[in-house]
$ cat coords-v6.tsv   # TSV, N, CA and C atoms
chain	number	residue	atom	x	y	z
A	1	MET	N	43.89	-10.98	-105.01
A	1	MET	CA	43.60	-11.71	-103.76
A	1	MET	C	42.63	-12.86	-104.01
A	2	ILE	N	41.88	-12.81	-105.09
A	2	ILE	CA	40.88	-13.85	-105.36
A	2	ILE	C	41.54	-15.21	-105.57
A	3	GLU	N	42.63	-15.28	-106.32
A	3	GLU	CA	43.26	-16.56	-106.62
A	3	GLU	C	43.76	-17.28	-105.37
A	4	PRO	N	44.46	-16.61	-104.44
A	4	PRO	CA	44.86	-17.31	-103.22
A	4	PRO	C	43.66	-17.82	-102.41
A	5	ILE	N	42.58	-17.07	-102.41
A	5	ILE	CA	41.38	-17.52	-101.70
A	5	ILE	C	40.82	-18.78	-102.34
A	6	LEU	N	40.76	-18.79	-103.67
A	6	LEU	CA	40.25	-19.97	-104.38
A	6	LEU	C	41.14	-21.19	-104.15
A	7	GLN	N	42.45	-21.00	-104.16
A	7	GLN	CA	43.37	-22.11	-103.91
A	7	GLN	C	43.21	-22.66	-102.49
A	8	PHE	N	43.05	-21.76	-101.54
A	8	PHE	CA	42.85	-22.13	-100.14
A	8	PHE	C	41.55	-22.92	-100.00
A	9	LYS	N	40.51	-22.45	-100.65
A	9	LYS	CA	39.22	-23.13	-100.60
A	9	LYS	C	39.29	-24.51	-101.25
A	10	ARG	N	39.98	-24.60	-102.38
A	10	ARG	CA	40.15	-25.91	-103.05
A	10	ARG	C	40.90	-26.90	-102.16
A	11	LEU	N	41.94	-26.43	-101.49
A	11	LEU	CA	42.68	-27.30	-100.58
A	11	LEU	C	41.77	-27.81	-99.47
A	12	ALA	N	41.00	-26.92	-98.87
A	12	ALA	CA	40.09	-27.32	-97.79
A	12	ALA	C	39.06	-28.31	-98.28
A	13	LYS	N	38.48	-28.09	-99.46
A	13	LYS	CA	37.48	-29.01	-100.00
A	13	LYS	C	38.12	-30.37	-100.33
A	14	TYR	N	39.33	-30.36	-100.88
A	14	TYR	CA	40.02	-31.59	-101.20
A	14	TYR	C	40.26	-32.42	-99.94
A	15	LEU	N	40.80	-31.79	-98.90
A	15	LEU	CA	41.08	-32.50	-97.65
A	15	LEU	C	39.80	-32.99	-96.99
A	16	ALA	N	38.79	-32.15	-96.97
A	16	ALA	CA	37.52	-32.55	-96.36
A	16	ALA	C	36.92	-33.73	-97.11
A	17	ASN	N	36.94	-33.69	-98.42
A	17	ASN	CA	36.39	-34.78	-99.22
A	17	ASN	C	37.13	-36.09	-98.93
A	18	LYS	N	38.41	-35.98	-98.71
A	18	LYS	CA	39.24	-37.15	-98.43
A	18	LYS	C	38.85	-37.82	-97.10
A	19	TYR	N	38.45	-37.02	-96.10
A	19	TYR	CA	38.21	-37.56	-94.77
A	19	TYR	C	36.75	-37.59	-94.31
A	20	VAL	N	35.92	-36.70	-94.81
A	20	VAL	CA	34.52	-36.67	-94.35
A	20	VAL	C	33.50	-36.57	-95.48
A	21	GLY	N	33.95	-36.59	-96.71
A	21	GLY	CA	33.02	-36.50	-97.83
A	21	GLY	C	32.83	-35.06	-98.28
A	22	ASP	N	31.94	-34.90	-99.22
A	22	ASP	CA	31.69	-33.59	-99.82
A	22	ASP	C	31.08	-32.64	-98.79
A	23	ILE	N	31.70	-31.49	-98.64
A	23	ILE	CA	31.18	-30.49	-97.71
A	23	ILE	C	31.23	-29.12	-98.38
A	24	ASP	N	30.62	-28.17	-97.75
A	24	ASP	CA	30.73	-26.78	-98.18
A	24	ASP	C	31.86	-26.12	-97.40
A	25	VAL	N	32.63	-25.29	-98.07
A	25	VAL	CA	33.71	-24.54	-97.43
A	25	VAL	C	33.49	-23.08	-97.76
A	26	GLU	N	33.49	-22.26	-96.74
A	26	GLU	CA	33.36	-20.81	-96.92
A	26	GLU	C	34.53	-20.13	-96.24
A	27	ILE	N	34.96	-19.03	-96.82
A	27	ILE	CA	36.04	-18.23	-96.25
A	27	ILE	C	35.49	-16.82	-96.04
A	28	TYR	N	35.51	-16.40	-94.78
A	28	TYR	CA	34.95	-15.10	-94.42
A	28	TYR	C	35.93	-14.32	-93.55
A	29	ASP	N	35.68	-13.04	-93.45
A	29	ASP	CA	36.45	-12.18	-92.58
A	29	ASP	C	35.89	-12.30	-91.16
A	30	VAL	N	36.23	-13.42	-90.50
A	30	VAL	CA	35.75	-13.71	-89.15
A	30	VAL	C	36.95	-13.97	-88.24
A	31	LYS	N	36.70	-13.94	-86.95
A	31	LYS	CA	37.78	-14.13	-85.98
A	31	LYS	C	38.25	-15.58	-85.90
A	32	ARG	N	37.28	-16.53	-85.93
A	32	ARG	CA	37.60	-17.95	-85.76
A	32	ARG	C	36.88	-18.79	-86.80
A	33	GLY	N	37.47	-19.96	-87.07
A	33	GLY	CA	36.83	-20.92	-87.95
A	33	GLY	C	35.72	-21.66	-87.22
A	34	LEU	N	34.87	-22.30	-88.01
A	34	LEU	CA	33.74	-23.05	-87.46
A	34	LEU	C	33.54	-24.31	-88.28
A	35	ALA	N	33.02	-25.33	-87.63
A	35	ALA	CA	32.61	-26.55	-88.33
A	35	ALA	C	31.16	-26.82	-87.95
A	36	TYR	N	30.34	-27.10	-88.95
A	36	TYR	CA	28.93	-27.40	-88.71
A	36	TYR	C	28.63	-28.78	-89.25
A	37	SER	N	27.89	-29.53	-88.49
A	37	SER	CA	27.45	-30.85	-88.91
A	37	SER	C	26.04	-30.78	-89.46
A	38	ARG	N	25.66	-31.77	-90.24
A	38	ARG	CA	24.31	-31.78	-90.82
A	38	ARG	C	23.22	-31.77	-89.75
A	39	GLN	N	23.50	-32.25	-88.55
A	39	GLN	CA	22.50	-32.24	-87.50
A	39	GLN	C	22.20	-30.82	-87.04
A	40	LEU	N	23.14	-29.93	-87.25
A	40	LEU	CA	22.98	-28.57	-86.74
A	40	LEU	C	22.41	-27.61	-87.79
A	41	VAL	N	22.84	-27.73	-89.02
A	41	VAL	CA	22.44	-26.79	-90.07
A	41	VAL	C	22.11	-27.57	-91.34
A	42	SER	N	20.88	-27.50	-91.78
A	42	SER	CA	20.39	-28.16	-92.99
A	42	SER	C	20.85	-29.62	-93.03
A	43	ASN	N	21.13	-30.12	-94.22
A	43	ASN	CA	21.62	-31.50	-94.29
A	43	ASN	C	23.02	-31.55	-94.92
A	44	ARG	N	23.74	-30.47	-94.79
A	44	ARG	CA	25.11	-30.38	-95.33
A	44	ARG	C	26.10	-30.15	-94.20
A	45	LYS	N	27.33	-30.54	-94.45
A	45	LYS	CA	28.41	-30.20	-93.54
A	45	LYS	C	29.10	-28.95	-94.09
A	46	LEU	N	29.60	-28.15	-93.19
A	46	LEU	CA	30.20	-26.88	-93.58
A	46	LEU	C	31.37	-26.55	-92.66
A	47	ILE	N	32.44	-26.05	-93.26
A	47	ILE	CA	33.46	-25.41	-92.45
A	47	ILE	C	33.62	-23.97	-92.94
A	48	VAL	N	33.80	-23.09	-91.98
A	48	VAL	CA	34.06	-21.68	-92.26
A	48	VAL	C	35.48	-21.41	-91.81
A	49	LEU	N	36.27	-20.87	-92.70
A	49	LEU	CA	37.67	-20.56	-92.41
A	49	LEU	C	37.86	-19.05	-92.44
A	50	PRO	N	38.66	-18.52	-91.50
A	50	PRO	CA	38.88	-17.08	-91.48
A	50	PRO	C	39.84	-16.62	-92.58
A	51	LEU	N	39.52	-15.49	-93.15
A	51	LEU	CA	40.32	-14.91	-94.22
A	51	LEU	C	41.77	-14.64	-93.77
A	52	TRP	N	41.96	-14.29	-92.50
A	52	TRP	CA	43.30	-13.97	-92.02
A	52	TRP	C	44.27	-15.15	-92.11
A	53	LEU	N	43.75	-16.36	-92.27
A	53	LEU	CA	44.64	-17.53	-92.41
A	53	LEU	C	45.57	-17.41	-93.61
A	54	LEU	N	45.12	-16.70	-94.64
A	54	LEU	CA	45.96	-16.54	-95.84
A	54	LEU	C	47.26	-15.79	-95.54
A	55	GLU	N	47.31	-15.08	-94.42
A	55	GLU	CA	48.50	-14.34	-94.04
A	55	GLU	C	49.45	-15.18	-93.17
A	56	ARG	N	49.06	-16.40	-92.87
A	56	ARG	CA	49.87	-17.26	-92.00
A	56	ARG	C	50.66	-18.28	-92.82
A	57	LYS	N	51.61	-18.92	-92.16
A	57	LYS	CA	52.41	-19.96	-92.82
A	57	LYS	C	51.51	-21.08	-93.34
A	58	TYR	N	51.95	-21.68	-94.45
A	58	TYR	CA	51.18	-22.78	-95.05
A	58	TYR	C	50.92	-23.89	-94.05
A	59	VAL	N	51.92	-24.27	-93.26
A	59	VAL	CA	51.76	-25.39	-92.33
A	59	VAL	C	50.66	-25.08	-91.31
A	60	TYR	N	50.53	-23.83	-90.89
A	60	TYR	CA	49.47	-23.47	-89.96
A	60	TYR	C	48.11	-23.51	-90.66
A	61	ARG	N	48.05	-23.02	-91.88
A	61	ARG	CA	46.78	-23.08	-92.64
A	61	ARG	C	46.32	-24.53	-92.78
A	62	LEU	N	47.26	-25.40	-93.13
A	62	LEU	CA	46.94	-26.83	-93.26
A	62	LEU	C	46.42	-27.39	-91.94
A	63	SER	N	47.11	-27.09	-90.84
A	63	SER	CA	46.67	-27.63	-89.55
A	63	SER	C	45.32	-27.06	-89.14
A	64	TYR	N	45.02	-25.83	-89.52
A	64	TYR	CA	43.74	-25.21	-89.17
A	64	TYR	C	42.61	-25.91	-89.91
A	65	ILE	N	42.82	-26.17	-91.19
A	65	ILE	CA	41.82	-26.91	-91.98
A	65	ILE	C	41.60	-28.28	-91.36
A	66	LEU	N	42.67	-28.98	-91.03
A	66	LEU	CA	42.55	-30.31	-90.43
A	66	LEU	C	41.86	-30.25	-89.08
A	67	HIS	N	42.06	-29.19	-88.33
A	67	HIS	CA	41.37	-29.00	-87.05
A	67	HIS	C	39.86	-28.95	-87.26
A	68	GLU	N	39.42	-28.18	-88.24
A	68	GLU	CA	37.98	-28.08	-88.50
A	68	GLU	C	37.42	-29.41	-89.03
A	69	ILE	N	38.18	-30.11	-89.84
A	69	ILE	CA	37.75	-31.43	-90.33
A	69	ILE	C	37.66	-32.41	-89.16
A	70	ALA	N	38.59	-32.32	-88.22
A	70	ALA	CA	38.54	-33.18	-87.02
A	70	ALA	C	37.23	-32.96	-86.26
A	71	HIS	N	36.76	-31.71	-86.22
A	71	HIS	CA	35.47	-31.45	-85.58
A	71	HIS	C	34.35	-32.22	-86.28
A	72	LEU	N	34.36	-32.22	-87.61
A	72	LEU	CA	33.31	-32.95	-88.34
A	72	LEU	C	33.38	-34.45	-88.06
A	73	ILE	N	34.58	-34.98	-88.00
A	73	ILE	CA	34.74	-36.41	-87.67
A	73	ILE	C	34.20	-36.67	-86.27
A	74	TYR	N	34.52	-35.80	-85.35
A	74	TYR	CA	34.08	-35.94	-83.96
A	74	TYR	C	32.56	-35.80	-83.85
A	75	PHE	N	31.98	-34.86	-84.62
A	75	PHE	CA	30.52	-34.72	-84.66
A	75	PHE	C	29.87	-36.02	-85.11
A	76	ASP	N	30.45	-36.66	-86.12
A	76	ASP	CA	29.89	-37.92	-86.63
A	76	ASP	C	29.89	-39.02	-85.58
A	77	LYS	N	30.74	-38.88	-84.58
A	77	LYS	CA	30.78	-39.84	-83.47
A	77	LYS	C	29.87	-39.40	-82.32
A	78	GLY	N	29.10	-38.33	-82.56
A	78	GLY	CA	28.17	-37.85	-81.54
A	78	GLY	C	28.82	-37.00	-80.47
A	79	ARG	N	29.99	-36.50	-80.72
A	79	ARG	CA	30.74	-35.72	-79.73
A	79	ARG	C	31.05	-34.33	-80.27
A	80	CYS	N	31.38	-33.42	-79.38
A	80	CYS	CA	31.82	-32.09	-79.79
A	80	CYS	C	32.77	-31.53	-78.74
A	81	GLY	N	33.44	-30.45	-79.07
A	81	GLY	CA	34.34	-29.80	-78.13
A	81	GLY	C	35.80	-30.04	-78.44
A	82	HIS	N	36.65	-29.66	-77.49
A	82	HIS	CA	38.10	-29.78	-77.63
A	82	HIS	C	38.69	-30.66	-76.53
A	83	ASP	N	37.97	-31.72	-76.19
A	83	ASP	CA	38.44	-32.60	-75.12
A	83	ASP	C	39.51	-33.57	-75.64
A	84	LYS	N	39.91	-34.50	-74.79
A	84	LYS	CA	40.97	-35.45	-75.16
A	84	LYS	C	40.59	-36.27	-76.40
A	85	GLY	N	39.33	-36.67	-76.48
A	85	GLY	CA	38.88	-37.45	-77.64
A	85	GLY	C	39.01	-36.68	-78.93
A	86	PHE	N	38.68	-35.40	-78.89
A	86	PHE	CA	38.83	-34.56	-80.08
A	86	PHE	C	40.30	-34.47	-80.48
A	87	LYS	N	41.15	-34.28	-79.49
A	87	LYS	CA	42.58	-34.14	-79.80
A	87	LYS	C	43.15	-35.42	-80.40
A	88	VAL	N	42.61	-36.56	-80.01
A	88	VAL	CA	43.02	-37.83	-80.64
A	88	VAL	C	42.68	-37.80	-82.12
A	89	GLU	N	41.46	-37.36	-82.45
A	89	GLU	CA	41.05	-37.28	-83.86
A	89	GLU	C	41.92	-36.29	-84.62
A	90	GLU	N	42.19	-35.14	-84.00
A	90	GLU	CA	43.02	-34.13	-84.66
A	90	GLU	C	44.43	-34.66	-84.90
A	91	ARG	N	45.01	-35.32	-83.90
A	91	ARG	CA	46.36	-35.88	-84.06
A	91	ARG	C	46.43	-36.90	-85.19
A	92	LYS	N	45.38	-37.73	-85.32
A	92	LYS	CA	45.35	-38.73	-86.40
A	92	LYS	C	45.47	-38.07	-87.76
A	93	LEU	N	44.81	-36.95	-87.93
A	93	LEU	CA	44.88	-36.22	-89.21
A	93	LEU	C	46.24	-35.54	-89.38
A	94	LEU	N	46.70	-34.86	-88.35
A	94	LEU	CA	47.95	-34.11	-88.45
A	94	LEU	C	49.14	-35.01	-88.77
A	95	ILE	N	49.21	-36.18	-88.15
A	95	ILE	CA	50.37	-37.06	-88.35
A	95	ILE	C	50.46	-37.54	-89.81
A	96	LYS	N	49.34	-37.60	-90.50
A	96	LYS	CA	49.35	-37.98	-91.91
A	96	LYS	C	50.13	-36.98	-92.76
A	97	TYR	N	50.33	-35.78	-92.23
A	97	TYR	CA	51.06	-34.73	-92.93
A	97	TYR	C	52.36	-34.38	-92.20
A	98	ASP	N	52.84	-35.35	-91.40
A	98	ASP	CA	54.09	-35.20	-90.65
A	98	ASP	C	54.04	-34.02	-89.69
A	99	LEU	N	52.88	-33.80	-89.09
A	99	LEU	CA	52.69	-32.72	-88.13
A	99	LEU	C	52.36	-33.30	-86.77
A	100	VAL	N	53.09	-32.84	-85.77
A	100	VAL	CA	52.89	-33.29	-84.39
A	100	VAL	C	52.55	-32.05	-83.56
A	101	PRO	N	51.36	-32.02	-82.94
A	101	PRO	CA	50.97	-30.83	-82.20
A	101	PRO	C	51.47	-30.82	-80.76
A	102	GLU	N	51.69	-29.63	-80.27
A	102	GLU	CA	51.84	-29.40	-78.84
A	102	GLU	C	50.70	-28.47	-78.46
A	103	TYR	N	49.91	-28.88	-77.49
A	103	TYR	CA	48.70	-28.14	-77.16
A	103	TYR	C	48.90	-27.17	-76.02
A	104	GLY	N	48.19	-26.05	-76.12
A	104	GLY	CA	47.95	-25.18	-74.99
A	104	GLY	C	46.74	-25.75	-74.28
A	105	ARG	N	45.92	-24.92	-73.72
A	105	ARG	CA	44.74	-25.42	-73.02
A	105	ARG	C	43.76	-26.12	-73.96
A	106	LYS	N	43.45	-25.50	-75.10
A	106	LYS	CA	42.52	-26.09	-76.05
A	106	LYS	C	43.12	-26.29	-77.43
A	107	TYR	N	43.94	-25.36	-77.83
A	107	TYR	CA	44.39	-25.32	-79.22
A	107	TYR	C	45.88	-25.63	-79.35
A	108	VAL	N	46.28	-25.93	-80.57
A	108	VAL	CA	47.69	-26.17	-80.87
A	108	VAL	C	48.47	-24.88	-80.65
A	109	LYS	N	49.59	-24.98	-79.92
A	109	LYS	CA	50.44	-23.80	-79.73
A	109	LYS	C	51.76	-23.93	-80.48
A	110	LYS	N	52.13	-25.18	-80.84
A	110	LYS	CA	53.31	-25.43	-81.66
A	110	LYS	C	53.05	-26.64	-82.54
A	111	LEU	N	53.67	-26.61	-83.70
A	111	LEU	CA	53.65	-27.77	-84.59
A	111	LEU	C	55.08	-28.19	-84.87
A	112	TYR	N	55.32	-29.48	-84.74
A	112	TYR	CA	56.62	-30.08	-85.03
A	112	TYR	C	56.45	-31.06	-86.17
A	113	ASN	N	57.55	-31.42	-86.79
A	113	ASN	CA	57.52	-32.59	-87.66
A	113	ASN	C	57.96	-33.78	-86.83
A	114	THR	N	57.97	-34.96	-87.41
A	114	THR	CA	58.31	-36.16	-86.64
A	114	THR	C	59.80	-36.19	-86.26
A	115	GLN	N	60.61	-35.31	-86.85
A	115	GLN	CA	62.02	-35.20	-86.46
A	115	GLN	C	62.20	-34.17	-85.34
A	116	LYS	N	61.06	-33.70	-84.79
A	116	LYS	CA	61.02	-32.77	-83.65
A	116	LYS	C	61.52	-31.37	-83.98
A	117	GLN	N	61.46	-30.98	-85.26
A	117	GLN	CA	61.78	-29.61	-85.65
A	117	GLN	C	60.52	-28.78	-85.54
A	118	ILE	N	60.64	-27.59	-84.97
A	118	ILE	CA	59.49	-26.70	-84.87
A	118	ILE	C	59.18	-26.14	-86.25
A	119	LEU	N	57.94	-26.34	-86.71
A	119	LEU	CA	57.50	-25.83	-88.00
A	119	LEU	C	56.69	-24.55	-87.86
A	120	TRP	N	55.99	-24.44	-86.74
A	120	TRP	CA	55.15	-23.27	-86.46
A	120	TRP	C	54.95	-23.16	-84.96
A	121	GLN	N	54.84	-21.92	-84.48
A	121	GLN	CA	54.45	-21.69	-83.10
A	121	GLN	C	53.68	-20.38	-83.05
A	122	ILE	N	52.92	-20.22	-81.98
A	122	ILE	CA	52.13	-19.00	-81.83
A	122	ILE	C	53.05	-17.80	-82.00
A	123	GLY	N	52.61	-16.87	-82.82
A	123	GLY	CA	53.41	-15.68	-83.10
A	123	GLY	C	53.99	-15.69	-84.50
A	124	ASP	N	54.05	-16.87	-85.11
A	124	ASP	CA	54.55	-16.96	-86.50
A	124	ASP	C	53.51	-16.45	-87.47
$ encode --input "coords-v6.tsv" --output "structure tokens"
Amino acid sequence: MIEPILQFKRLAKYLANKYVGDIDVEIYDVKRGLAYSRQLVSNRKLIVLPLWLLERKYVYRLSYILHEIAHLIYFDKGRCGHDKGFKVEERKLLIKYDLVPEYGRKYVKKLYNTQKQILWQIGD
């Protein structure tokens, strides 16, 4: 189980470095992921990803990582939460990977590609 965790962590660090710079990535047995900005905790940025993500489809794992990175981008703009502005930031990241979200109240409930094929939905 260690190797998949390390690969998952490397992917998250690679993507984060690409969009927000060097950050810390931790994977824990938690219910939800978290993103922390340097204003909140020490002078580092951090995302925490739940261990259960390893049991989900790759496309969902990718979108989850990008969701947490979108929070860091939004924090850098002095904003937080899951409002329309956040979703704009999240969509900008997702489309780079041919992912188009359909939202529930706060979170993505389906992911499509640009050809409108469903790649993931709640329950997968």
$ residues_around --input "coords-v6.tsv" --residues "range 90-96 of chain A" --least-positions-apart "3" --cutoff "8 Å" --atoms "all atoms listed in the file" --output "list in words"
Leu62, Ser63, Leu66, His67, Glu68, Ile69, Ala70, His71, Tyr74, Lys84, Gly85, Phe86, Lys87, Leu99, Val100, Pro101 and Thr114 of chain A
$ closest_residue --input "coords-v6.tsv" --among "A:Arg79, A:Arg105, A:Lys9, A:Lys57" --to "Trp120 in chain A" --atoms "all atoms listed in the file"
A:Lys57
$ residues_around --input "coords-v6.tsv" --residues "Lys109 in chain A" --least-positions-apart "6" --cutoff "10 Å" --atoms "only C-alpha atoms" --output "ChimeraX atom specification"
/A:101-103,120-123
$ write_last_selection --input "coords-v6.tsv" --atoms "N, CA and C atoms" --output "PDB file, keeping the file's coordinate frame"
ATOM      1  N   PRO A 101      51.360 -32.020 -82.940  1.00  0.00           N
ATOM      2  CA  PRO A 101      50.970 -30.830 -82.200  1.00  0.00           C
ATOM      3  C   PRO A 101      51.470 -30.820 -80.760  1.00  0.00           C
ATOM      4  N   GLU A 102      51.690 -29.630 -80.270  1.00  0.00           N
ATOM      5  CA  GLU A 102      51.840 -29.400 -78.840  1.00  0.00           C
ATOM      6  C   GLU A 102      50.700 -28.470 -78.460  1.00  0.00           C
ATOM      7  N   TYR A 103      49.910 -28.880 -77.490  1.00  0.00           N
ATOM      8  CA  TYR A 103      48.700 -28.140 -77.160  1.00  0.00           C
ATOM      9  C   TYR A 103      48.900 -27.170 -76.020  1.00  0.00           C
ATOM     10  N   TRP A 120      55.990 -24.440 -86.740  1.00  0.00           N
ATOM     11  CA  TRP A 120      55.150 -23.270 -86.460  1.00  0.00           C
ATOM     12  C   TRP A 120      54.950 -23.160 -84.960  1.00  0.00           C
ATOM     13  N   GLN A 121      54.840 -21.920 -84.480  1.00  0.00           N
ATOM     14  CA  GLN A 121      54.450 -21.690 -83.100  1.00  0.00           C
ATOM     15  C   GLN A 121      53.680 -20.380 -83.050  1.00  0.00           C
ATOM     16  N   ILE A 122      52.920 -20.220 -81.980  1.00  0.00           N
ATOM     17  CA  ILE A 122      52.130 -19.000 -81.830  1.00  0.00           C
ATOM     18  C   ILE A 122      53.050 -17.800 -82.000  1.00  0.00           C
ATOM     19  N   GLY A 123      52.610 -16.870 -82.820  1.00  0.00           N
ATOM     20  CA  GLY A 123      53.410 -15.680 -83.100  1.00  0.00           C
ATOM     21  C   GLY A 123      53.990 -15.690 -84.500  1.00  0.00           C
TER      22      GLY A 123
END
$ closest_residue --input "coords-v6.tsv" --among "A:Lys106, A:Ile47, A:Gly81, A:Ile5" --to "Ala35 in chain A" --atoms "all atoms listed in the file"
A:Ile47
$ closest_residue --input "coords-v6.tsv" --among "A:Cys80, A:Ile65, A:Arg32, A:Ile27" --to "Leu15 in chain A" --atoms "only C-alpha atoms"
A:Ile65
$ residues_around --input "coords-v6.tsv" --residues "Lys13 in chain A" --least-positions-apart "5" --cutoff "7 Å" --atoms "only N, CA and C atoms" --output "ChimeraX atom specification"
/A:8,18,23-25
$ write_last_selection --input "coords-v6.tsv" --atoms "N, CA and C atoms" --output "short mmCIF file (atom, residue, chain, number, x, y, z; two decimals), in the frame of the given file"
data_model
loop_
_atom_site.label_atom_id
_atom_site.label_comp_id
_atom_site.auth_asym_id
_atom_site.auth_seq_id
_atom_site.Cartn_x
_atom_site.Cartn_y
_atom_site.Cartn_z
N PHE A 8 43.05 -21.76 -101.54
CA PHE A 8 42.85 -22.13 -100.14
C PHE A 8 41.55 -22.92 -100.00
N LYS A 18 38.41 -35.98 -98.71
CA LYS A 18 39.24 -37.15 -98.43
C LYS A 18 38.85 -37.82 -97.10
N ILE A 23 31.70 -31.49 -98.64
CA ILE A 23 31.18 -30.49 -97.71
C ILE A 23 31.23 -29.12 -98.38
N ASP A 24 30.62 -28.17 -97.75
CA ASP A 24 30.73 -26.78 -98.18
C ASP A 24 31.86 -26.12 -97.40
N VAL A 25 32.63 -25.29 -98.07
CA VAL A 25 33.71 -24.54 -97.43
C VAL A 25 33.49 -23.08 -97.76
#
$ residues_near_point --input "coords-v6.tsv" --point "(36.6, -20.3, -84.6)" --cutoff "8 Å" --atoms "only N, CA and C atoms" --output "JSON, numbers by chain"
{"A": [30, 31, 32, 33, 34, 35, 48, 49, 50]}
$ atom_distance --input "coords-v6.tsv" --atom1 "atom C of Leu111 in chain A" --atom2 "atom C of Tyr64 in chain A"
13.6 Å
$ select_by_dssp --input "coords-v6.tsv" --residues "chain A" --states "alpha helix (DSSP H)" --output "JSON, numbers by chain"
{"A": [2, 3, 4, 5, 6, 7, 8, 9, 10, 11, 12, 13, 14, 15, 16, 17, 18, 19, 20, 58, 59, 60, 61, 62, 63, 64, 65, 66, 67, 68, 69, 70, 71, 72, 73, 74, 75, 76, 84, 85, 86, 87, 88, 89, 90, 91, 92, 93, 94, 95]}
$ atom_distance --input "coords-v6.tsv" --atom1 "atom C of Ala12 in chain A" --atom2 "CA of Lys116 in chain A"
26.8 Å
$ axis_aligned_box --input "coords-v6.tsv" --around "range 41-56 of chain A" --padding-each-side "6 Å" --output "AutoDock Vina command-line options"
--center_x 35.5 --center_y -22.8 --center_z -92.4 --size_x 42.3 --size_y 29.6 --size_z 18.8
$ atom_distance --input "coords-v6.tsv" --atom1 "atom N of Lys45 in chain A" --atom2 "atom C of Leu72 in chain A"
9.6 Å
$ select_by_dssp --input "coords-v6.tsv" --residues "chain A" --states "strand (DSSP E)" --output "JSON, numbers by chain"
{"A": [24, 25, 26, 27, 28, 34, 35, 36, 46, 47, 48, 49, 50, 100, 101, 102, 103, 108, 109, 110, 111, 112, 118, 119, 120, 121]}
$ decode --input "coords-v6.tsv" --residues "range 57-74 of chain A" --atoms "N, CA and C atoms" --output "PDB file, in the first residue's frame"
ATOM      1  N   LYS A  57     -11.772   6.243  -8.561  1.00  0.00           N
ATOM      2  CA  LYS A  57     -11.250   6.348  -9.928  1.00  0.00           C
ATOM      3  C   LYS A  57     -10.180   7.437 -10.009  1.00  0.00           C
ATOM      4  N   TYR A  58      -9.220   7.208 -10.909  1.00  0.00           N
ATOM      5  CA  TYR A  58      -8.131   8.179 -11.086  1.00  0.00           C
ATOM      6  C   TYR A  58      -8.667   9.576 -11.388  1.00  0.00           C
ATOM      7  N   VAL A  59      -9.666   9.682 -12.255  1.00  0.00           N
ATOM      8  CA  VAL A  59     -10.181  10.991 -12.653  1.00  0.00           C
ATOM      9  C   VAL A  59     -10.738  11.743 -11.437  1.00  0.00           C
ATOM     10  N   TYR A  60     -11.345  11.031 -10.499  1.00  0.00           N
ATOM     11  CA  TYR A  60     -11.855  11.681  -9.298  1.00  0.00           C
ATOM     12  C   TYR A  60     -10.699  12.103  -8.387  1.00  0.00           C
ATOM     13  N   ARG A  61      -9.693  11.254  -8.260  1.00  0.00           N
ATOM     14  CA  ARG A  61      -8.511  11.627  -7.448  1.00  0.00           C
ATOM     15  C   ARG A  61      -7.873  12.896  -8.004  1.00  0.00           C
ATOM     16  N   LEU A  62      -7.727  12.943  -9.324  1.00  0.00           N
ATOM     17  CA  LEU A  62      -7.154  14.125  -9.969  1.00  0.00           C
ATOM     18  C   LEU A  62      -7.995  15.360  -9.675  1.00  0.00           C
ATOM     19  N   SER A  63      -9.314  15.242  -9.834  1.00  0.00           N
ATOM     20  CA  SER A  63     -10.179  16.408  -9.598  1.00  0.00           C
ATOM     21  C   SER A  63     -10.152  16.833  -8.135  1.00  0.00           C
ATOM     22  N   TYR A  64      -9.986  15.894  -7.225  1.00  0.00           N
ATOM     23  CA  TYR A  64      -9.940  16.213  -5.791  1.00  0.00           C
ATOM     24  C   TYR A  64      -8.681  17.004  -5.471  1.00  0.00           C
ATOM     25  N   ILE A  65      -7.561  16.565  -6.022  1.00  0.00           N
ATOM     26  CA  ILE A  65      -6.306  17.298  -5.838  1.00  0.00           C
ATOM     27  C   ILE A  65      -6.453  18.708  -6.389  1.00  0.00           C
ATOM     28  N   LEU A  66      -6.995  18.834  -7.592  1.00  0.00           N
ATOM     29  CA  LEU A  66      -7.170  20.155  -8.202  1.00  0.00           C
ATOM     30  C   LEU A  66      -8.130  21.021  -7.398  1.00  0.00           C
ATOM     31  N   HIS A  67      -9.122  20.419  -6.771  1.00  0.00           N
ATOM     32  CA  HIS A  67     -10.042  21.153  -5.901  1.00  0.00           C
ATOM     33  C   HIS A  67      -9.279  21.793  -4.745  1.00  0.00           C
ATOM     34  N   GLU A  68      -8.417  21.024  -4.104  1.00  0.00           N
ATOM     35  CA  GLU A  68      -7.650  21.570  -2.974  1.00  0.00           C
ATOM     36  C   GLU A  68      -6.657  22.639  -3.447  1.00  0.00           C
ATOM     37  N   ILE A  69      -6.065  22.449  -4.606  1.00  0.00           N
ATOM     38  CA  ILE A  69      -5.158  23.461  -5.164  1.00  0.00           C
ATOM     39  C   ILE A  69      -5.937  24.738  -5.478  1.00  0.00           C
ATOM     40  N   ALA A  70      -7.159  24.587  -5.986  1.00  0.00           N
ATOM     41  CA  ALA A  70      -8.003  25.762  -6.257  1.00  0.00           C
ATOM     42  C   ALA A  70      -8.234  26.566  -4.978  1.00  0.00           C
ATOM     43  N   HIS A  71      -8.378  25.876  -3.850  1.00  0.00           N
ATOM     44  CA  HIS A  71      -8.511  26.598  -2.574  1.00  0.00           C
ATOM     45  C   HIS A  71      -7.270  27.451  -2.306  1.00  0.00           C
ATOM     46  N   LEU A  72      -6.090  26.904  -2.545  1.00  0.00           N
ATOM     47  CA  LEU A  72      -4.860  27.680  -2.307  1.00  0.00           C
ATOM     48  C   LEU A  72      -4.788  28.891  -3.223  1.00  0.00           C
ATOM     49  N   ILE A  73      -5.184  28.720  -4.467  1.00  0.00           N
ATOM     50  CA  ILE A  73      -5.210  29.850  -5.407  1.00  0.00           C
ATOM     51  C   ILE A  73      -6.186  30.904  -4.905  1.00  0.00           C
ATOM     52  N   TYR A  74      -7.339  30.463  -4.459  1.00  0.00           N
ATOM     53  CA  TYR A  74      -8.378  31.374  -3.960  1.00  0.00           C
ATOM     54  C   TYR A  74      -7.915  32.078  -2.678  1.00  0.00           C
TER      55      TYR A  74
END
